[in-house]
Amino acid sequence: MEQQLKELTSKYNIAVPRYTSYPTMPYWDDQTYTETDWKKSLKSAFDESNGTSGISLYVHLPFCENLCTYCGCNKRITKNHGVEEPYIQAVLKEWEMYNVVLGEKPVIREIHLGGGTPTFFSPENLRRLITGLLEGAEVHAHAEFSFEAHPANTTPAHLKTLYDLGFRRLSLGIQDFDPKVQFIINRHQTFEQVLAVTQEARRIGYTSINYDLIYGLPLQSMEGLINTMNIVSNLKPDRIAFYSYAHVPWIKPGQRRFTEADLPAPELKAKLHDTGRSLLSTYGYQEIGMDHFALPGDELLRAAEIGTLHRNFMGYTHQHTQLLIGLGVSSISDSWYGFAQNVKTVEEYLAKTAAGELPLLKGHVLSEEDLVLRRHILDIMCKGKANWKQQLELPAIKAAVKRLRDLEDDGLVELFADGMRVTSLGERFLRNICFCLDARLWAAQPTTQLFSMAV
């Protein structure tokens, strides 16, 4: 088995997307895409779903005081907290413009604050932001609000303020407790800081705490990973995201603080992954989809068990809203029928919102083929299976089945007359399996590397 895994790891360690969307962003047809297209798509999704499931909001808060060199997110490094107020004004202005397009009172099902570092902002400014977003809106009876936080700068005031505004889910970026790894990735938080934030959040009443952990980081060792996992097991977060470091220095220059020589070799990285998964299982966590783990009783795990798990640009969620509106610099919106991304620099974002313009950069309207493939890729990511009984004659499905036969020979999938199922062995190769259905990428192979490696 170990030799087989080694051979499969070598074979499938190729650059492929993570499939938080389909089509993936480099393959959006954005040359002819217009703001009118996005507004039409947005309004259709809103009218279809607001009265039942409600809508989701993602707010990107890009500021960080220090650069974490592993990070692939859109961020702005500054210690000047004077940037907070103008940025919040711009986000609320953008939301005001969206409300004009929506035309009716939105029902807010989800809010997620991501970054950057949301806890860069003061509790008072976060209160102003959330209060402004909810003004004139209705909060869904099953609403869930969540935010990302840095353990080193999250205060009791942050936790209490957001709790009072309806937040019950907290995600802490840990990555690794090994001092050598923390130094080279410039991400510093102590066990004591993580413990203090975790205990205070639970005392206040937060019902779900997630830790982000990464394998494949520079200077990461098996001993260090095991120690990190042991520490985490004692803190017992409700959920854990244990995901692969994405080395893309041609996109994120901060990653050039270290070189490929500092990274674990593919074979070691695979062992780090397998060891982490095994330890999490020993601690009582159950694996969900790709890279996610939860303790029994967690809503994400229940959703996976009953087949309602969903995946979008925010990751896995146990709730599904058709419309996700992204606010803030670089944020991505999703109406199911189309995508839209905001401009990527703070200066452009502030200028456009100040001028009364939606700060759109690019987007995509999904074709009929896109919608079919998107559904199957989502089913593979969330349910580990896909059924294309009604689309057997579509060229894209025929081509996908042909590609999947090689993976079937390797024991990663089982193919049936009208669909497929991911095997237990194939669960660690979900990206490669979805890649077989990526008609746009197969039709236009990139000449340069666009994505991180699968393993």
# chains A, B, ... in the order shown; residues from 1 in each chain; ligands from 1

$ residues_around --residues "Gln89 (chain A)" --least-positions-apart "6" --cutoff "10 Å" --atoms "only C-alpha atoms" --output "PyMOL selection string"
chain A and resi 95+128-129+132+350+353-354

$ select_by_dssp --residues "region 357-398 of chain A" --states "alpha helix (DSSP H)" --output "NGL selection string"
:A and (368-383 or 395-398)

$ residues_around --residues "His60 (chain A)" --least-positions-apart "4" --cutoff "10 Å" --atoms "only C-alpha atoms" --output "PDB file with N, CA and C atoms, in the first residue's frame"
ATOM      1  N   ASN A  74      -5.232  38.099  -0.965  1.00  0.00           N
ATOM      2  CA  ASN A  74      -5.049  39.503  -1.310  1.00  0.00           C
ATOM      3  C   ASN A  74      -4.979  40.297  -0.007  1.00  0.00           C
ATOM      4  N   LYS A  75      -3.859  40.985   0.237  1.00  0.00           N
ATOM      5  CA  LYS A  75      -3.709  41.698   1.492  1.00  0.00           C
ATOM      6  C   LYS A  75      -2.929  42.993   1.271  1.00  0.00           C
ATOM      7  N   VAL A  91     -17.005  49.858   1.782  1.00  0.00           N
ATOM      8  CA  VAL A  91     -17.758  48.596   1.784  1.00  0.00           C
ATOM      9  C   VAL A  91     -19.252  48.866   1.941  1.00  0.00           C
ATOM     10  N   HIS A 112     -19.571  36.251   6.331  1.00  0.00           N
ATOM     11  CA  HIS A 112     -18.231  35.775   6.678  1.00  0.00           C
ATOM     12  C   HIS A 112     -17.244  36.901   6.450  1.00  0.00           C
ATOM     13  N   LEU A 113     -16.455  37.196   7.467  1.00  0.00           N
ATOM     14  CA  LEU A 113     -15.399  38.200   7.370  1.00  0.00           C
ATOM     15  C   LEU A 113     -14.080  37.484   7.144  1.00  0.00           C
ATOM     16  N   GLY A 114     -13.432  37.765   5.996  1.00  0.00           N
ATOM     17  CA  GLY A 114     -12.167  37.141   5.668  1.00  0.00           C
ATOM     18  C   GLY A 114     -11.099  38.176   5.391  1.00  0.00           C
ATOM     19  N   GLY A 115      -9.880  37.711   5.177  1.00  0.00           N
ATOM     20  CA  GLY A 115      -8.801  38.671   4.995  1.00  0.00           C
ATOM     21  C   GLY A 115      -7.645  38.141   4.178  1.00  0.00           C
ATOM     22  N   GLY A 116      -6.503  38.858   4.337  1.00  0.00           N
ATOM     23  CA  GLY A 116      -6.210  39.831   5.359  1.00  0.00           C
ATOM     24  C   GLY A 116      -6.464  39.307   6.771  1.00  0.00           C
ATOM     25  N   THR A 117      -6.589  40.279   7.654  1.00  0.00           N
ATOM     26  CA  THR A 117      -6.819  39.992   9.059  1.00  0.00           C
ATOM     27  C   THR A 117      -8.007  40.807   9.535  1.00  0.00           C
ATOM     28  N   PRO A 118      -9.204  40.219   9.593  1.00  0.00           N
ATOM     29  CA  PRO A 118     -10.358  40.978  10.076  1.00  0.00           C
ATOM     30  C   PRO A 118     -10.148  41.604  11.444  1.00  0.00           C
ATOM     31  N   GLY A 326     -19.913  39.194  -2.763  1.00  0.00           N
ATOM     32  CA  GLY A 326     -18.624  39.529  -2.182  1.00  0.00           C
ATOM     33  C   GLY A 326     -18.429  41.028  -2.146  1.00  0.00           C
ATOM     34  N   LEU A 327     -18.125  41.556  -0.982  1.00  0.00           N
ATOM     35  CA  LEU A 327     -17.890  42.983  -0.795  1.00  0.00           C
ATOM     36  C   LEU A 327     -16.433  43.206  -0.414  1.00  0.00           C
ATOM     37  N   GLY A 328     -15.869  44.310  -0.882  1.00  0.00           N
ATOM     38  CA  GLY A 328     -14.489  44.619  -0.554  1.00  0.00           C
ATOM     39  C   GLY A 328     -13.542  44.290  -1.690  1.00  0.00           C
ATOM     40  N   VAL A 329     -12.314  44.737  -1.544  1.00  0.00           N
ATOM     41  CA  VAL A 329     -11.310  44.577  -2.589  1.00  0.00           C
ATOM     42  C   VAL A 329     -11.093  43.097  -2.905  1.00  0.00           C
ATOM     43  N   SER A 330     -11.076  42.770  -4.180  1.00  0.00           N
ATOM     44  CA  SER A 330     -10.802  41.432  -4.734  1.00  0.00           C
ATOM     45  C   SER A 330     -11.877  40.389  -4.443  1.00  0.00           C
ATOM     46  N   SER A 331     -12.947  40.741  -3.730  1.00  0.00           N
ATOM     47  CA  SER A 331     -13.979  39.781  -3.381  1.00  0.00           C
ATOM     48  C   SER A 331     -14.661  39.212  -4.624  1.00  0.00           C
ATOM     49  N   ILE A 332     -15.135  37.979  -4.510  1.00  0.00           N
ATOM     50  CA  ILE A 332     -15.791  37.300  -5.620  1.00  0.00           C
ATOM     51  C   ILE A 332     -17.242  37.027  -5.253  1.00  0.00           C
TER      52      ILE A 332
END

$ residues_around --residues "region 380-393 of chain A" --least-positions-apart "4" --cutoff "8 Å" --atoms "only C-alpha atoms" --output "PyMOL selection string"
chain A and resi 288-290+304+307+309-311+376+397-398+417-422+427+430+434

$ select_by_dssp --residues "region 169-201 of chain A" --states "strand (DSSP E)" --output "list in words"
Arg169, Leu170, Ser171, Leu172, Gly173, Ile174 and Gln175 of chain A

$ write_last_selection --atoms "C-alpha atoms" --output "PDB file, in the first residue's frame"
ATOM      1  CA  ARG A 169     -18.281  30.817  14.424  1.00  0.00           C
ATOM      2  CA  LEU A 170     -14.599  31.664  14.766  1.00  0.00           C
ATOM      3  CA  SER A 171     -11.726  30.501  12.562  1.00  0.00           C
ATOM      4  CA  LEU A 172      -8.174  30.872  13.871  1.00  0.00           C
ATOM      5  CA  GLY A 173      -5.178  30.748  11.551  1.00  0.00           C
ATOM      6  CA  ILE A 174      -2.632  28.510  13.305  1.00  0.00           C
ATOM      7  CA  GLN A 175      -0.710  26.868  10.415  1.00  0.00           C
TER       8      GLN A 175
END

$ residues_around --residues "Ala241 (chain A)" --least-positions-apart "4" --cutoff "9 Å" --atoms "only C-alpha atoms" --output "PyMOL selection string"
chain A and resi 210-214+290-294

$ write_last_selection --atoms "N, CA and C atoms" --output "PDB file, in the first residue's frame"
ATOM      1  N   ASN A 210     -12.865  26.853  14.592  1.00  0.00           N
ATOM      2  CA  ASN A 210     -12.077  26.149  13.576  1.00  0.00           C
ATOM      3  C   ASN A 210     -10.622  26.582  13.679  1.00  0.00           C
ATOM      4  N   TYR A 211      -9.712  25.638  13.463  1.00  0.00           N
ATOM      5  CA  TYR A 211      -8.292  25.955  13.336  1.00  0.00           C
ATOM      6  C   TYR A 211      -7.860  25.642  11.908  1.00  0.00           C
ATOM      7  N   ASP A 212      -7.114  26.561  11.303  1.00  0.00           N
ATOM      8  CA  ASP A 212      -6.467  26.304  10.021  1.00  0.00           C
ATOM      9  C   ASP A 212      -5.058  25.782  10.271  1.00  0.00           C
ATOM     10  N   LEU A 213      -4.742  24.639   9.675  1.00  0.00           N
ATOM     11  CA  LEU A 213      -3.399  24.056   9.734  1.00  0.00           C
ATOM     12  C   LEU A 213      -2.937  23.787   8.308  1.00  0.00           C
ATOM     13  N   ILE A 214      -1.642  23.899   8.066  1.00  0.00           N
ATOM     14  CA  ILE A 214      -1.098  23.710   6.714  1.00  0.00           C
ATOM     15  C   ILE A 214       0.021  22.679   6.758  1.00  0.00           C
ATOM     16  N   MET A 290     -12.689  17.711   0.975  1.00  0.00           N
ATOM     17  CA  MET A 290     -11.253  17.885   0.797  1.00  0.00           C
ATOM     18  C   MET A 290     -10.709  18.816   1.874  1.00  0.00           C
ATOM     19  N   ASP A 291      -9.788  18.313   2.682  1.00  0.00           N
ATOM     20  CA  ASP A 291      -9.024  19.127   3.633  1.00  0.00           C
ATOM     21  C   ASP A 291      -9.772  19.514   4.908  1.00  0.00           C
ATOM     22  N   HIS A 292     -11.003  19.094   5.097  1.00  0.00           N
ATOM     23  CA  HIS A 292     -11.769  19.524   6.257  1.00  0.00           C
ATOM     24  C   HIS A 292     -12.076  18.343   7.181  1.00  0.00           C
ATOM     25  N   PHE A 293     -12.082  18.628   8.486  1.00  0.00           N
ATOM     26  CA  PHE A 293     -12.315  17.612   9.503  1.00  0.00           C
ATOM     27  C   PHE A 293     -13.199  18.212  10.597  1.00  0.00           C
ATOM     28  N   ALA A 294     -14.049  17.380  11.190  1.00  0.00           N
ATOM     29  CA  ALA A 294     -14.931  17.869  12.249  1.00  0.00           C
ATOM     30  C   ALA A 294     -15.204  16.767  13.256  1.00  0.00           C
TER      31      ALA A 294
END

$ residues_around --residues "Lys11 (chain A)" --least-positions-apart "4" --cutoff "12 Å" --atoms "only C-alpha atoms" --output "number ranges by chain"
A: 4-7, 15, 266-267, 406-407, 410, 429, 432, 453-455

$ write_last_selection --atoms "C-alpha atoms" --output "PDB file, in the first residue's frame"
ATOM      1  CA  GLN A   4       1.310   2.231  -4.295  1.00  0.00           C
ATOM      2  CA  LEU A   5       0.672   5.569  -2.586  1.00  0.00           C
ATOM      3  CA  LYS A   6       4.193   6.693  -3.381  1.00  0.00           C
ATOM      4  CA  GLU A   7       3.714   5.889  -7.066  1.00  0.00           C
ATOM      5  CA  ALA A  15      -0.631  21.629 -11.187  1.00  0.00           C
ATOM      6  CA  PRO A 266       6.782  15.612  -2.542  1.00  0.00           C
ATOM      7  CA  GLU A 267       7.257  12.233  -0.845  1.00  0.00           C
ATOM      8  CA  ASP A 406      -7.078   5.926 -16.240  1.00  0.00           C
ATOM      9  CA  LEU A 407      -7.982   6.958 -12.673  1.00  0.00           C
ATOM     10  CA  ASP A 410      -5.401   3.265 -10.482  1.00  0.00           C
ATOM     11  CA  PHE A 429      -6.853  13.011  -5.138  1.00  0.00           C
ATOM     12  CA  ASN A 432      -7.162  15.326  -9.994  1.00  0.00           C
ATOM     13  CA  MET A 453       0.587  21.326  -7.247  1.00  0.00           C
ATOM     14  CA  ALA A 454      -2.055  18.757  -6.311  1.00  0.00           C
ATOM     15  CA  VAL A 455       0.082  16.972  -3.695  1.00  0.00           C
TER      16      VAL A 455
END
